Amino acid sequence: MLCKFFPHISKKPLSERVHSRDAFIYLDRVMWSFGWTEPENKRWVLPYNLWFALVNIVMLILLPISMSIEYLHRFKTFSAGEFLSSLEIGVNIYGSSFKCAFTMMGFKKRQEAKVLLDQLDKRCVRDEERSTVHRYVAMGNFFDILYHIFYSSFVVMNFPYFLLQRRHAWRMYFPYIDPEKQFFISSIAECFLMTEVIYMDLCTDVCPLISMLMARCHISLLKQRLRNLRSEPGRTEDEYLEELTECIRDHRLILDYVDALRPVFSGTIFVQFLLIGTVLGLSMINLMFFSTFWTGVATCLFMFDVSMETFPFCYLCNMIIDDCQEMADSLFQSDWTSADRRYKSTLVYFLHNLQQPITLTAGGVFPICMQTNLAMVKLAFSVVTIIKQFNLAERFQ
């Protein structure tokens, strides 16, 4: 069903030419709408830059300030549940502003990485290799659409319920608009702005995931090439050495690709790690002590979306670390025992490099892996435990 509306989420046949950069088709379209890329026609540079300034000033600067002003102006009108629902969103929006800034600043680096992907694609000449690229490209686009569905569901679950209750879902401050007398206008404005900021946040979450997914695609292809080294009889030693040298070049390109993206994702994931414990802690307190059934469902969906910001990417990074070990094993298990001295000395050098895992760090502090992700999530349970031990929630009920 989804394939009819989003054809790039299905694997293309080998008769069609697909490039690794095609995994970013839907993501690039959303980023383009926010002014985070470049216009194809240079005549539109000025209007596009003006659009970029307008959208990002409103969404990344004025919107967080709007929520803070609402706390100051109408703090006494908040119930405990409304305040926690608004606060968990507000904290996430402030973090999203920093994540979006890091993603925007990394545009040129991401373009450099795509050029490296194009070079890696040139090595994919066999049908099996092209089929693997097609599968990963479809998977990358599918993840983008899947995130759109999950993130949009949060707005869809919240907005109609609060609209029927004649209450504001996220409590934003709009100058010159009375939230009581002009309830529908302010509610629709809230819904529109929340949808836009969620899609911005989505771009910062999906971009690292798809980028490293394509890195894993070419790591998988390299593993297969390493297994096949010296498997074709009748070739000369020089040809076998050239085959090994090409694998070394592939590995170097993969490392350059990851190095180009490393500074882009470091800041983004660092902010996500700082946010996840705090935001999940606030959400769990709201869920356990102050939610109704419907707001509880919406809060659970929000917690799931927050977890999606880090969990898939951290899991993928763990898989890539395992892949690096498997690459070294594949090279060692290849048929090298009968090779000449030049081949063996080159293989030893290459094997040493393969044994160094490809790892990323968040802010140069936290290793990006499942262990770090789980450690940050535990912070949420610590916050809830403190609230329960001191019976703080009962004082606000």
# chains A, B, ... in the order shown; residues from 1 in each chain; ligands from 1

$ residues_around --residues "segment 57-65 of chain A" --least-positions-apart "5" --cutoff "10 Å" --atoms "only C-alpha atoms" --output "VMD selection string"
chain A and resid 34 51 to 52 70 89 to 101 172 to 174 190 193 to 194 196 to 197 200

$ closest_atom_pairs --of "segment 249-276 of chain A" --to "segment 372-378 of chain A" --cutoff "12 Å" --atoms "only C-alpha atoms" --output "CSV"
residue,atom,partner,partner_atom,distance
A:Ile269,CA,A:Asn373,CA,10.2
A:Phe270,CA,A:Asn373,CA,10.8
A:Val271,CA,A:Met376,CA,11.6
A:Gln272,CA,A:Asn373,CA,9.7
A:Phe273,CA,A:Met376,CA,6.4
A:Leu274,CA,A:Met376,CA,7.6
A:Leu275,CA,A:Met376,CA,8.7
A:Ile276,CA,A:Val377,CA,6.5

$ residues_around --residues "Phe5 of chain A" --least-positions-apart "5" --cutoff "12 Å" --atoms "only C-alpha atoms" --output "PDB file with N, CA, C and O atoms, in the first residue's frame"
ATOM      1  N   SER A  10      10.410   0.540  -2.071  1.00  0.00           N
ATOM      2  CA  SER A  10      10.458  -0.844  -2.574  1.00  0.00           C
ATOM      3  C   SER A  10      11.749  -1.040  -3.366  1.00  0.00           C
ATOM      4  O   SER A  10      12.267  -0.118  -3.997  1.00  0.00           O
ATOM      5  N   TYR A  26      13.863  10.902   0.028  1.00  0.00           N
ATOM      6  CA  TYR A  26      12.767  11.504   0.806  1.00  0.00           C
ATOM      7  C   TYR A  26      13.304  12.431   1.892  1.00  0.00           C
ATOM      8  O   TYR A  26      12.716  13.488   2.159  1.00  0.00           O
ATOM      9  N   PHE A 142      12.624   3.593   3.338  1.00  0.00           N
ATOM     10  CA  PHE A 142      11.545   3.053   4.167  1.00  0.00           C
ATOM     11  C   PHE A 142      11.647   3.568   5.602  1.00  0.00           C
ATOM     12  O   PHE A 142      10.636   3.902   6.224  1.00  0.00           O
ATOM     13  N   ILE A 145      10.166   7.072   5.825  1.00  0.00           N
ATOM     14  CA  ILE A 145       8.696   7.075   5.833  1.00  0.00           C
ATOM     15  C   ILE A 145       8.174   6.522   7.154  1.00  0.00           C
ATOM     16  O   ILE A 145       7.189   7.027   7.716  1.00  0.00           O
TER      17      ILE A 145
END

$ residues_around --residues "Met139 of chain A" --least-positions-apart "4" --cutoff "8 Å" --atoms "only C-alpha atoms" --output "VMD selection string"
chain A and resid 9 to 10 23 135 143

$ write_last_selection --atoms "all heavy atoms" --output "PDB file, in the first residue's frame"
ATOM      1  N   ILE A   9      10.503   3.151  -1.542  1.00  0.00           N
ATOM      2  CA  ILE A   9      10.683   2.259  -0.387  1.00  0.00           C
ATOM      3  C   ILE A   9      10.680   0.795  -0.807  1.00  0.00           C
ATOM      4  O   ILE A   9      10.926  -0.088   0.022  1.00  0.00           O
ATOM      5  CB  ILE A   9       9.597   2.494   0.690  1.00  0.00           C
ATOM      6  CG1 ILE A   9       8.221   2.062   0.172  1.00  0.00           C
ATOM      7  CG2 ILE A   9       9.591   3.927   1.151  1.00  0.00           C
ATOM      8  CD1 ILE A   9       7.135   2.132   1.238  1.00  0.00           C
ATOM      9  N   SER A  10      10.410   0.540  -2.071  1.00  0.00           N
ATOM     10  CA  SER A  10      10.458  -0.844  -2.574  1.00  0.00           C
ATOM     11  C   SER A  10      11.749  -1.040  -3.366  1.00  0.00           C
ATOM     12  O   SER A  10      12.267  -0.118  -3.997  1.00  0.00           O
ATOM     13  CB  SER A  10       9.252  -1.139  -3.462  1.00  0.00           C
ATOM     14  OG  SER A  10       9.215  -0.262  -4.569  1.00  0.00           O
ATOM     15  N   ALA A  23      19.245   6.632  -1.314  1.00  0.00           N
ATOM     16  CA  ALA A  23      18.653   6.324  -0.009  1.00  0.00           C
ATOM     17  C   ALA A  23      18.199   7.577   0.714  1.00  0.00           C
ATOM     18  O   ALA A  23      17.414   7.506   1.667  1.00  0.00           O
ATOM     19  CB  ALA A  23      19.656   5.565   0.858  1.00  0.00           C
ATOM     20  N   ARG A 135      18.681  -3.030  -2.200  1.00  0.00           N
ATOM     21  CA  ARG A 135      17.965  -3.382  -0.972  1.00  0.00           C
ATOM     22  C   ARG A 135      18.207  -2.348   0.133  1.00  0.00           C
ATOM     23  O   ARG A 135      17.265  -1.925   0.806  1.00  0.00           O
ATOM     24  CB  ARG A 135      18.395  -4.772  -0.507  1.00  0.00           C
ATOM     25  CG  ARG A 135      17.581  -5.261   0.694  1.00  0.00           C
ATOM     26  CD  ARG A 135      17.906  -6.690   1.073  1.00  0.00           C
ATOM     27  NE  ARG A 135      19.210  -6.815   1.711  1.00  0.00           N
ATOM     28  CZ  ARG A 135      20.290  -7.322   1.151  1.00  0.00           C
ATOM     29  NH1 ARG A 135      20.235  -7.751  -0.111  1.00  0.00           N
ATOM     30  NH2 ARG A 135      21.437  -7.408   1.804  1.00  0.00           N
ATOM     31  N   PHE A 143      12.864   3.622   6.131  1.00  0.00           N
ATOM     32  CA  PHE A 143      13.045   4.148   7.488  1.00  0.00           C
ATOM     33  C   PHE A 143      12.563   5.589   7.591  1.00  0.00           C
ATOM     34  O   PHE A 143      11.954   5.991   8.582  1.00  0.00           O
ATOM     35  CB  PHE A 143      14.519   4.067   7.898  1.00  0.00           C
ATOM     36  CG  PHE A 143      14.950   2.697   8.336  1.00  0.00           C
ATOM     37  CD1 PHE A 143      16.259   2.257   8.134  1.00  0.00           C
ATOM     38  CD2 PHE A 143      14.066   1.828   8.944  1.00  0.00           C
ATOM     39  CE1 PHE A 143      16.658   0.993   8.529  1.00  0.00           C
ATOM     40  CE2 PHE A 143      14.462   0.558   9.345  1.00  0.00           C
ATOM     41  CZ  PHE A 143      15.754   0.145   9.130  1.00  0.00           C
TER      42      PHE A 143
END

$ residues_around --residues "Glu239 of chain A" --least-positions-apart "5" --cutoff "12 Å" --atoms "only C-alpha atoms" --output "mmCIF file with C-alpha atoms, in the first residue's frame"
data_model
loop_
_atom_site.group_PDB
_atom_site.id
_atom_site.type_symbol
_atom_site.label_atom_id
_atom_site.label_comp_id
_atom_site.auth_asym_id
_atom_site.auth_seq_id
_atom_site.Cartn_x
_atom_site.Cartn_y
_atom_site.Cartn_z
ATOM 1 C CA LEU A 229 39.879 -13.240 -2.708
ATOM 2 C CA ARG A 230 42.014 -15.705 -4.719
ATOM 3 C CA SER A 231 38.923 -17.822 -5.385
ATOM 4 C CA GLU A 232 39.209 -17.609 -9.198
ATOM 5 C CA PRO A 233 41.782 -20.118 -10.525
ATOM 6 C CA GLY A 234 44.002 -19.304 -13.453
ATOM 7 C CA LEU A 244 43.536 -7.158 -2.769
ATOM 8 C CA THR A 245 44.679 -3.591 -3.406
ATOM 9 C CA GLU A 246 41.209 -2.653 -4.663
ATOM 10 C CA ALA A 339 50.325 -16.519 -2.136
ATOM 11 C CA TYR A 343 50.633 -10.528 -1.289
#

$ closest_residue --among "A:Ser291, A:Gln182, A:Gln325, A:Ser15" --to "Asp127 of chain A" --atoms "only C-alpha atoms"
A:Ser15

$ atom_distance --atom1 "atom CA of Ile69 of chain A" --atom2 "atom CA of Leu87 of chain A"
12.3 Å

$ residues_around --residues "Ala362 of chain A" --least-positions-apart "5" --cutoff "8 Å" --atoms "only C-alpha atoms" --output "count of residues only"
8

$ residues_around --residues "Glu242 of chain A" --least-positions-apart "6" --cutoff "12 Å" --atoms "only C-alpha atoms" --output "list in words"
Leu229, Arg230, Arg235, Thr236, Ile248, Arg249, Arg342, Tyr343, Thr346 and Leu347 of chain A

$ closest_atom_pairs --of "segment 206-306 of chain A" --to "segment 113-120 of chain A" --cutoff "9 Å" --atoms "only C-alpha atoms" --output "JSON lines"
{"residue": "A:Ser211", "atom": "CA", "partner": "A:Ala113", "partner_atom": "CA", "distance": 8.7}
{"residue": "A:Met214", "atom": "CA", "partner": "A:Leu117", "partner_atom": "CA", "distance": 8.3}
{"residue": "A:Ala215", "atom": "CA", "partner": "A:Leu117", "partner_atom": "CA", "distance": 8.5}
{"residue": "A:His218", "atom": "CA", "partner": "A:Leu120", "partner_atom": "CA", "distance": 7.4}
{"residue": "A:Asp250", "atom": "CA", "partner": "A:Leu120", "partner_atom": "CA", "distance": 6.7}
{"residue": "A:Leu253", "atom": "CA", "partner": "A:Leu116", "partner_atom": "CA", "distance": 6.5}
{"residue": "A:Ile254", "atom": "CA", "partner": "A:Leu116", "partner_atom": "CA", "distance": 7.9}
{"residue": "A:Asp256", "atom": "CA", "partner": "A:Leu116", "partner_atom": "CA", "distance": 7.7}
{"residue": "A:Tyr257", "atom": "CA", "partner": "A:Ala113", "partner_atom": "CA", "distance": 5.1}
{"residue": "A:Val258", "atom": "CA", "partner": "A:Ala113", "partner_atom": "CA", "distance": 7.8}
{"residue": "A:Asp259", "atom": "CA", "partner": "A:Ala113", "partner_atom": "CA", "distance": 8.8}
{"residue": "A:Ala260", "atom": "CA", "partner": "A:Ala113", "partner_atom": "CA", "distance": 6.0}
{"residue": "A:Leu261", "atom": "CA", "partner": "A:Ala113", "partner_atom": "CA", "distance": 6.8}

$ closest_residue --among "A:Leu316, A:Phe290, A:Leu213, A:Cys203" --to "Tyr136 of chain A" --atoms "only C-alpha atoms"
A:Leu213

$ closest_residue --among "A:Glu88, A:Leu280, A:Ser345, A:Ala138" --to "Pro7 of chain A" --atoms "only C-alpha atoms"
A:Ala138

$ closest_residue --among "A:Lys42, A:His134, A:Leu54, A:Ser187" --to "Glu16 of chain A" --atoms "only C-alpha atoms"
A:His134

$ closest_residue --among "A:Val45, A:Val125, A:Val55, A:Val206" --to "Arg225 of chain A" --atoms "only C-alpha atoms"
A:Val125

$ closest_residue --among "A:Phe162, A:Phe366, A:Trp170, A:Phe184" --to "Trp294 of chain A" --atoms "only C-alpha atoms"
A:Phe162

$ closest_atom_pairs --of "segment 300-384 of chain A" --to "segment 82-86 of chain A" --cutoff "12 Å" --atoms "only C-alpha atoms" --output "tab-separated table"
residue	atom	partner	partner_atom	distance
A:Cys300	CA	A:Ser85	CA	11.5
A:Phe302	CA	A:Ser85	CA	9.9
A:Met303	CA	A:Ser85	CA	11.4

$ write_last_selection --atoms "N, CA and C atoms" --output "PDB file, in the first residue's frame"
ATOM      1  N   CYS A 300       2.741   7.586  25.945  1.00  0.00           N
ATOM      2  CA  CYS A 300       3.477   6.363  25.580  1.00  0.00           C
ATOM      3  C   CYS A 300       4.025   6.469  24.160  1.00  0.00           C
ATOM      4  N   PHE A 302       4.745   9.246  22.629  1.00  0.00           N
ATOM      5  CA  PHE A 302       5.834  10.220  22.679  1.00  0.00           C
ATOM      6  C   PHE A 302       7.112   9.575  23.208  1.00  0.00           C
ATOM      7  N   MET A 303       6.994   8.757  24.244  1.00  0.00           N
ATOM      8  CA  MET A 303       8.166   8.071  24.797  1.00  0.00           C
ATOM      9  C   MET A 303       8.782   7.128  23.765  1.00  0.00           C
TER      10      MET A 303
END

$ decode --residues "segment 203-246 of chain A" --atoms "C-alpha atoms" --output "short mmCIF file (atom, residue, chain, number, x, y, z; two decimals), in the first residue's frame"
data_model
loop_
_atom_site.label_atom_id
_atom_site.label_comp_id
_atom_site.auth_asym_id
_atom_site.auth_seq_id
_atom_site.Cartn_x
_atom_site.Cartn_y
_atom_site.Cartn_z
CA CYS A 203 15.48 14.99 9.84
CA THR A 204 18.13 15.15 12.56
CA ASP A 205 17.22 11.63 13.73
CA VAL A 206 16.90 9.90 10.35
CA CYS A 207 19.97 11.47 8.71
CA PRO A 208 22.54 9.64 10.91
CA LEU A 209 20.59 6.39 10.64
CA ILE A 210 20.43 6.32 6.83
CA SER A 211 24.02 7.53 6.49
CA MET A 212 25.44 4.74 8.61
CA LEU A 213 23.05 2.25 7.02
CA MET A 214 24.71 2.94 3.67
CA ALA A 215 28.11 2.59 5.33
CA ARG A 216 27.05 -0.86 6.50
CA CYS A 217 25.86 -1.65 2.98
CA HIS A 218 29.34 -1.16 1.55
CA ILE A 219 30.97 -2.87 4.53
CA SER A 220 28.81 -5.93 3.74
CA LEU A 221 29.90 -5.79 0.09
CA LEU A 222 33.53 -5.53 1.14
CA LYS A 223 33.16 -8.56 3.41
CA GLN A 224 31.94 -10.60 0.48
CA ARG A 225 34.82 -9.42 -1.72
CA LEU A 226 37.30 -10.39 0.99
CA ARG A 227 35.80 -13.88 1.17
CA ASN A 228 36.22 -14.25 -2.60
CA LEU A 229 39.88 -13.24 -2.71
CA ARG A 230 42.01 -15.70 -4.72
CA SER A 231 38.92 -17.82 -5.39
CA GLU A 232 39.21 -17.61 -9.20
CA PRO A 233 41.78 -20.12 -10.53
CA GLY A 234 44.00 -19.30 -13.45
CA ARG A 235 44.81 -15.71 -12.52
CA THR A 236 48.35 -14.41 -12.04
CA GLU A 237 49.83 -13.27 -8.72
CA ASP A 238 49.82 -9.67 -9.97
CA GLU A 239 46.10 -9.89 -10.64
CA TYR A 240 45.46 -11.34 -7.19
CA LEU A 241 47.50 -8.52 -5.65
CA GLU A 242 45.56 -5.91 -7.62
CA GLU A 243 42.32 -7.48 -6.38
CA LEU A 244 43.54 -7.16 -2.77
CA THR A 245 44.68 -3.59 -3.41
CA GLU A 246 41.21 -2.65 -4.66
#
